[in-house]
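First the structure, in the form of C-alpha cells, and then the observations on it.
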Amino acid sequence: ALELGSGNGFLSVCLLALNASFKMSHPGEPPLIEKLVVTDMVDHISLIEKTLHVNSHVWEEMYVRNLAESGSGDGENEGGAINSYFGTLGNDDTPNASDCDCDRGNDDTTTCKKVTVIAAEHRWGEQEIESIREEESKTRRHNQQSNEIDANVAIHNQKYDFIIGSDVAYRDHLHAPLISSLLHFSHEHTVSLIGITMNDTKPKFFDSLLEAGFRYERLADHFMEREFRGKNFGIFAIQRCR
C-alpha cells in the first residue's frame with residue numbers, strides 16, 4: 001500500500017491500526033497489508049517518522065530515508081540518512097535487528113510477512129527522475145557491498161494494490177502531478193481511496209481523472225461514522241478504466 005501526501009503520517013497510522021486489529025483477530029493469517037510506503041515532501045519526513053515511531057504497536061519494522069539529514073545530497077551521502085526501527089506488533093518485547101528472521105531478497109527488501117513501514121520522499125509527477133536516482137543509489141550500495149536497507153529501494157518502480165490520500169487535491173496546480181503519480185503507481189486492479197473536501201476541490205479535478213483514463217465513485221455516507229455524514233467531505237474510490 002502507498003500513501004501520497006501524508007503530511008503528519010496519521011492516516012497511515014489509522015490504516016496500520018486497522019491492519020493490526022485484523023492481524024490479532026486472525027492469527028495465522030497473513031496481514032491485510034505487509035508493506036506500507038508513506039510519502040510526502042522531504043520537509044515532512046521527520047514529522048511522519050515521529051508519528052509512526054510513537055505508534056510502534058501497529059507495525060513491526062520501519063525504515064526512514066530522510067534526505068534532509070544528508071545535507072546537500074551530494075557525494076557519498078546522496079542516498080540520505082537511513083533510520084531503522086523495530087516495533088512491537090505481535091511481539092512481547094521489542095526485537096533487535098539481529099533477532100529478525102526475515103529473508104532478504106536480492107534487492108535488499110524484506111520478504112517475510114511482517115508489517116513493514118517505509119517513509120520516504122516522493123514528489124508528485126517526478127517519479128521517473130526518482131526512479132533513476134534509486135537505480136544509481138542501488139548500484140552504489142551494491143558496489144560498496146552494503147547491507148543497509150535503503151528506504152527508497154524500488155518504491156518508485158513498482159505498482160501498488162492500494163493507494164490512499166486525504167486532502168491532496170485542494171489546489172488546481174496539484175491536480176496534474178497528483179494524477180501523474182496515480183497513473184505511475186496504479187495497475188488495472190489498484191484501488192485508490194482519496195478523501196476530498198468539496199469546498200476546495202473544483203470539478204475539473206474529476207474531469208482530469210476521466211481524461212487520464214480513470215473512473216471514480218464517491219462512497220456512500222453510510223460507510224463513514226455518523227458524525228461525518230452529510231458533510232462536504234467525501235471519500236472517492238478511483239480505478240483505471242479497463
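Each chain in the C-alpha cells gets a letter, A, B and so on, in the order shown; residues start at 1 in every chain, and ligands are counted from 1 in the order they appear.
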
**Study point:** Near-A:Ala17 list (10 Å; only C-alpha atoms; drop same-chain fewer than 5 positions) as a PyMOL selection string
**Key:** chain A and resi 11-12+22-23+55+57-59+89

Expected file contents, prior selection, N, CA and C atoms, as a PDB file, in the first residue's frame:
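Okay, out.pdb is ready:
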ATOM      1  N   LEU A  11      -2.911   9.366   8.944  1.00  0.00           N
ATOM      2  CA  LEU A  11      -3.786   8.492   8.162  1.00  0.00           C
ATOM      3  C   LEU A  11      -3.178   7.106   8.019  1.00  0.00           C
ATOM      4  N   SER A  12      -1.876   7.049   7.797  1.00  0.00           N
ATOM      5  CA  SER A  12      -1.198   5.753   7.712  1.00  0.00           C
ATOM      6  C   SER A  12      -1.254   4.999   9.030  1.00  0.00           C
ATOM      7  N   PHE A  22      -6.901  -6.598  12.523  1.00  0.00           N
ATOM      8  CA  PHE A  22      -7.181  -7.802  11.733  1.00  0.00           C
ATOM      9  C   PHE A  22      -6.166  -8.895  12.034  1.00  0.00           C
ATOM     10  N   LYS A  23      -4.896  -8.502  12.127  1.00  0.00           N
ATOM     11  CA  LYS A  23      -3.843  -9.493  12.350  1.00  0.00           C
ATOM     12  C   LYS A  23      -4.012 -10.198  13.694  1.00  0.00           C
ATOM     13  N   ASN A  55       3.759   5.257  17.531  1.00  0.00           N
ATOM     14  CA  ASN A  55       2.697   4.260  17.346  1.00  0.00           C
ATOM     15  C   ASN A  55       3.292   2.925  16.901  1.00  0.00           C
ATOM     16  N   HIS A  57       3.205   0.147  18.091  1.00  0.00           N
ATOM     17  CA  HIS A  57       2.404  -1.047  18.346  1.00  0.00           C
ATOM     18  C   HIS A  57       1.632  -1.501  17.109  1.00  0.00           C
ATOM     19  N   VAL A  58       1.654  -0.715  16.019  1.00  0.00           N
ATOM     20  CA  VAL A  58       0.875  -1.098  14.837  1.00  0.00           C
ATOM     21  C   VAL A  58       1.758  -1.513  13.664  1.00  0.00           C
ATOM     22  N   TRP A  59       3.056  -1.635  13.878  1.00  0.00           N
ATOM     23  CA  TRP A  59       3.947  -2.121  12.825  1.00  0.00           C
ATOM     24  C   TRP A  59       5.107  -2.867  13.471  1.00  0.00           C
ATOM     25  N   LEU A  89       4.392  -4.796  17.259  1.00  0.00           N
ATOM     26  CA  LEU A  89       3.202  -5.518  16.827  1.00  0.00           C
ATOM     27  C   LEU A  89       3.452  -7.020  16.827  1.00  0.00           C
TER      28      LEU A  89
END

* To do: Taking the chain letters and numbering used in this document, name the residues of stretch 6-38 of chain A that DSSP puts in helix (DSSP H, G or I), as a count of residues only.
  => 16

List the neighbours of A:Glu49 out to 12 Å using only C-alpha atoms; skip same-chain residues closer than 4 positions along the sequence, and give me the result as an MDAnalysis selection string.
chainID A and resid 6:10 12:13 37:40 42:45 53:56 62:66 82:85 117:121

Deliver the residues from the most recent selection as a file, using C-alpha atoms, as an mmCIF file, in the first residue's frame.
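Contents of the output file again.cif:
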data_model
loop_
_atom_site.group_PDB
_atom_site.id
_atom_site.type_symbol
_atom_site.label_atom_id
_atom_site.label_comp_id
_atom_site.auth_asym_id
_atom_site.auth_seq_id
_atom_site.Cartn_x
_atom_site.Cartn_y
_atom_site.Cartn_z
ATOM 1 C CA SER A 6 0.849 12.009 4.071
ATOM 2 C CA GLY A 7 1.503 15.238 5.966
ATOM 3 C CA ASN A 8 1.941 14.090 9.574
ATOM 4 C CA GLY A 9 1.515 10.337 8.914
ATOM 5 C CA PHE A 10 -1.668 9.979 10.973
ATOM 6 C CA SER A 12 -1.198 5.753 7.712
ATOM 7 C CA VAL A 13 -1.253 5.076 11.451
ATOM 8 C CA VAL A 37 5.044 3.198 1.916
ATOM 9 C CA VAL A 38 4.331 6.624 3.435
ATOM 10 C CA THR A 39 5.379 9.571 1.287
ATOM 11 C CA ASP A 40 5.446 13.343 1.210
ATOM 12 C CA VAL A 42 11.225 15.916 2.263
ATOM 13 C CA ASP A 43 10.380 18.511 4.906
ATOM 14 C CA HIS A 44 7.531 16.325 6.199
ATOM 15 C CA ILE A 45 9.539 13.121 6.667
ATOM 16 C CA HIS A 53 7.546 5.952 15.934
ATOM 17 C CA VAL A 54 5.177 6.765 18.804
ATOM 18 C CA ASN A 55 2.697 4.260 17.346
ATOM 19 C CA SER A 56 5.116 1.338 17.161
ATOM 20 C CA MET A 62 10.176 0.756 9.848
ATOM 21 C CA TYR A 63 12.783 2.264 7.569
ATOM 22 C CA VAL A 64 13.005 6.005 7.065
ATOM 23 C CA ARG A 65 15.018 7.708 4.389
ATOM 24 C CA ASN A 66 15.376 11.376 5.298
ATOM 25 C CA ILE A 82 18.570 5.773 6.901
ATOM 26 C CA ASN A 83 16.901 5.252 10.271
ATOM 27 C CA SER A 84 15.777 1.719 11.151
ATOM 28 C CA TYR A 85 13.260 0.818 13.848
ATOM 29 C CA VAL A 117 6.611 0.651 7.006
ATOM 30 C CA ILE A 118 8.796 2.736 4.728
ATOM 31 C CA ALA A 119 8.766 6.526 4.985
ATOM 32 C CA ALA A 120 10.412 8.355 2.126
ATOM 33 C CA GLU A 121 10.164 11.429 -0.038
#

Leaving out A:Ala212 and any residue of its chain fewer than 5 positions from it, which residues lie within 9 Å of it when counting only C-alpha atoms, given as an mmCIF file with all heavy atoms, in the first residue's frame?
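Just written: out-v7.cif:
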data_model
loop_
_atom_site.group_PDB
_atom_site.id
_atom_site.type_symbol
_atom_site.label_atom_id
_atom_site.label_comp_id
_atom_site.auth_asym_id
_atom_site.auth_seq_id
_atom_site.Cartn_x
_atom_site.Cartn_y
_atom_site.Cartn_z
ATOM 1 N N ILE A 179 -2.301 13.259 -10.384
ATOM 2 C CA ILE A 179 -2.823 12.257 -11.313
ATOM 3 C C ILE A 179 -1.675 11.522 -12.003
ATOM 4 O O ILE A 179 -1.755 10.311 -12.252
ATOM 5 C CB ILE A 179 -3.766 12.918 -12.331
ATOM 6 C CG1 ILE A 179 -5.037 13.396 -11.611
ATOM 7 C CG2 ILE A 179 -4.119 11.954 -13.460
ATOM 8 C CD1 ILE A 179 -5.968 14.225 -12.467
ATOM 9 N N SER A 180 -0.583 12.230 -12.275
ATOM 10 C CA SER A 180 0.589 11.580 -12.862
ATOM 11 C C SER A 180 1.122 10.483 -11.944
ATOM 12 O O SER A 180 1.473 9.385 -12.398
ATOM 13 C CB SER A 180 1.676 12.624 -13.125
ATOM 14 O OG SER A 180 2.874 12.011 -13.574
ATOM 15 N N LEU A 183 -1.252 7.511 -11.906
ATOM 16 C CA LEU A 183 -1.055 6.699 -13.108
ATOM 17 C C LEU A 183 0.185 5.823 -12.987
ATOM 18 O O LEU A 183 0.168 4.639 -13.332
ATOM 19 C CB LEU A 183 -0.916 7.610 -14.331
ATOM 20 C CG LEU A 183 -2.201 8.141 -14.956
ATOM 21 C CD1 LEU A 183 -1.876 9.227 -15.977
ATOM 22 C CD2 LEU A 183 -2.998 7.014 -15.601
ATOM 23 N N ASP A 207 -12.767 15.848 -13.919
ATOM 24 C CA ASP A 207 -12.663 15.818 -15.382
ATOM 25 C C ASP A 207 -11.279 15.348 -15.806
ATOM 26 O O ASP A 207 -11.139 14.558 -16.751
ATOM 27 C CB ASP A 207 -12.934 17.210 -15.963
ATOM 28 C CG ASP A 207 -14.365 17.681 -15.745
ATOM 29 O OD1 ASP A 207 -15.250 16.816 -15.559
ATOM 30 O OD2 ASP A 207 -14.594 18.908 -15.756
ATOM 31 N N ARG A 240 -8.324 2.615 -12.555
ATOM 32 C CA ARG A 240 -8.114 2.736 -14.004
ATOM 33 C C ARG A 240 -9.317 2.134 -14.738
ATOM 34 O O ARG A 240 -9.880 1.134 -14.305
ATOM 35 C CB ARG A 240 -6.863 1.986 -14.431
ATOM 36 C CG ARG A 240 -5.540 2.686 -14.121
ATOM 37 C CD ARG A 240 -4.398 1.810 -14.566
ATOM 38 N NE ARG A 240 -3.104 2.417 -14.376
ATOM 39 C CZ ARG A 240 -2.431 3.087 -15.305
ATOM 40 N NH1 ARG A 240 -2.959 3.227 -16.512
ATOM 41 N NH2 ARG A 240 -1.248 3.598 -15.046
#

List as a CSV table (one decimal) with C-alpha atoms, in the first residue's frame the protein and nucleic acid residues near A:Glu34, meaning an atom at most 8 Å away when only C-alpha atoms are counted, but skip any in the same chain fewer than 2 places from it.
chain,number,residue,atom,x,y,z
A,30,PRO,CA,-1.2,-13.0,6.6
A,31,PRO,CA,-1.9,-9.3,7.4
A,32,LEU,CA,-4.1,-7.3,5.1
A,36,LEU,CA,3.1,0.4,3.6
A,113,LYS,CA,5.3,-11.5,6.2
A,114,LYS,CA,5.8,-8.8,8.7
A,115,VAL,CA,4.2,-5.4,8.7
A,116,THR,CA,6.9,-3.1,7.4

Discussion item. Measuring between only C-alpha atoms, which one of A:Val168, A:Met224, A:Leu219, A:Leu182 shows the shortest distance to A:Thr201?
Written reply: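 Under the stated criterion, the closest residue is A:Val168.
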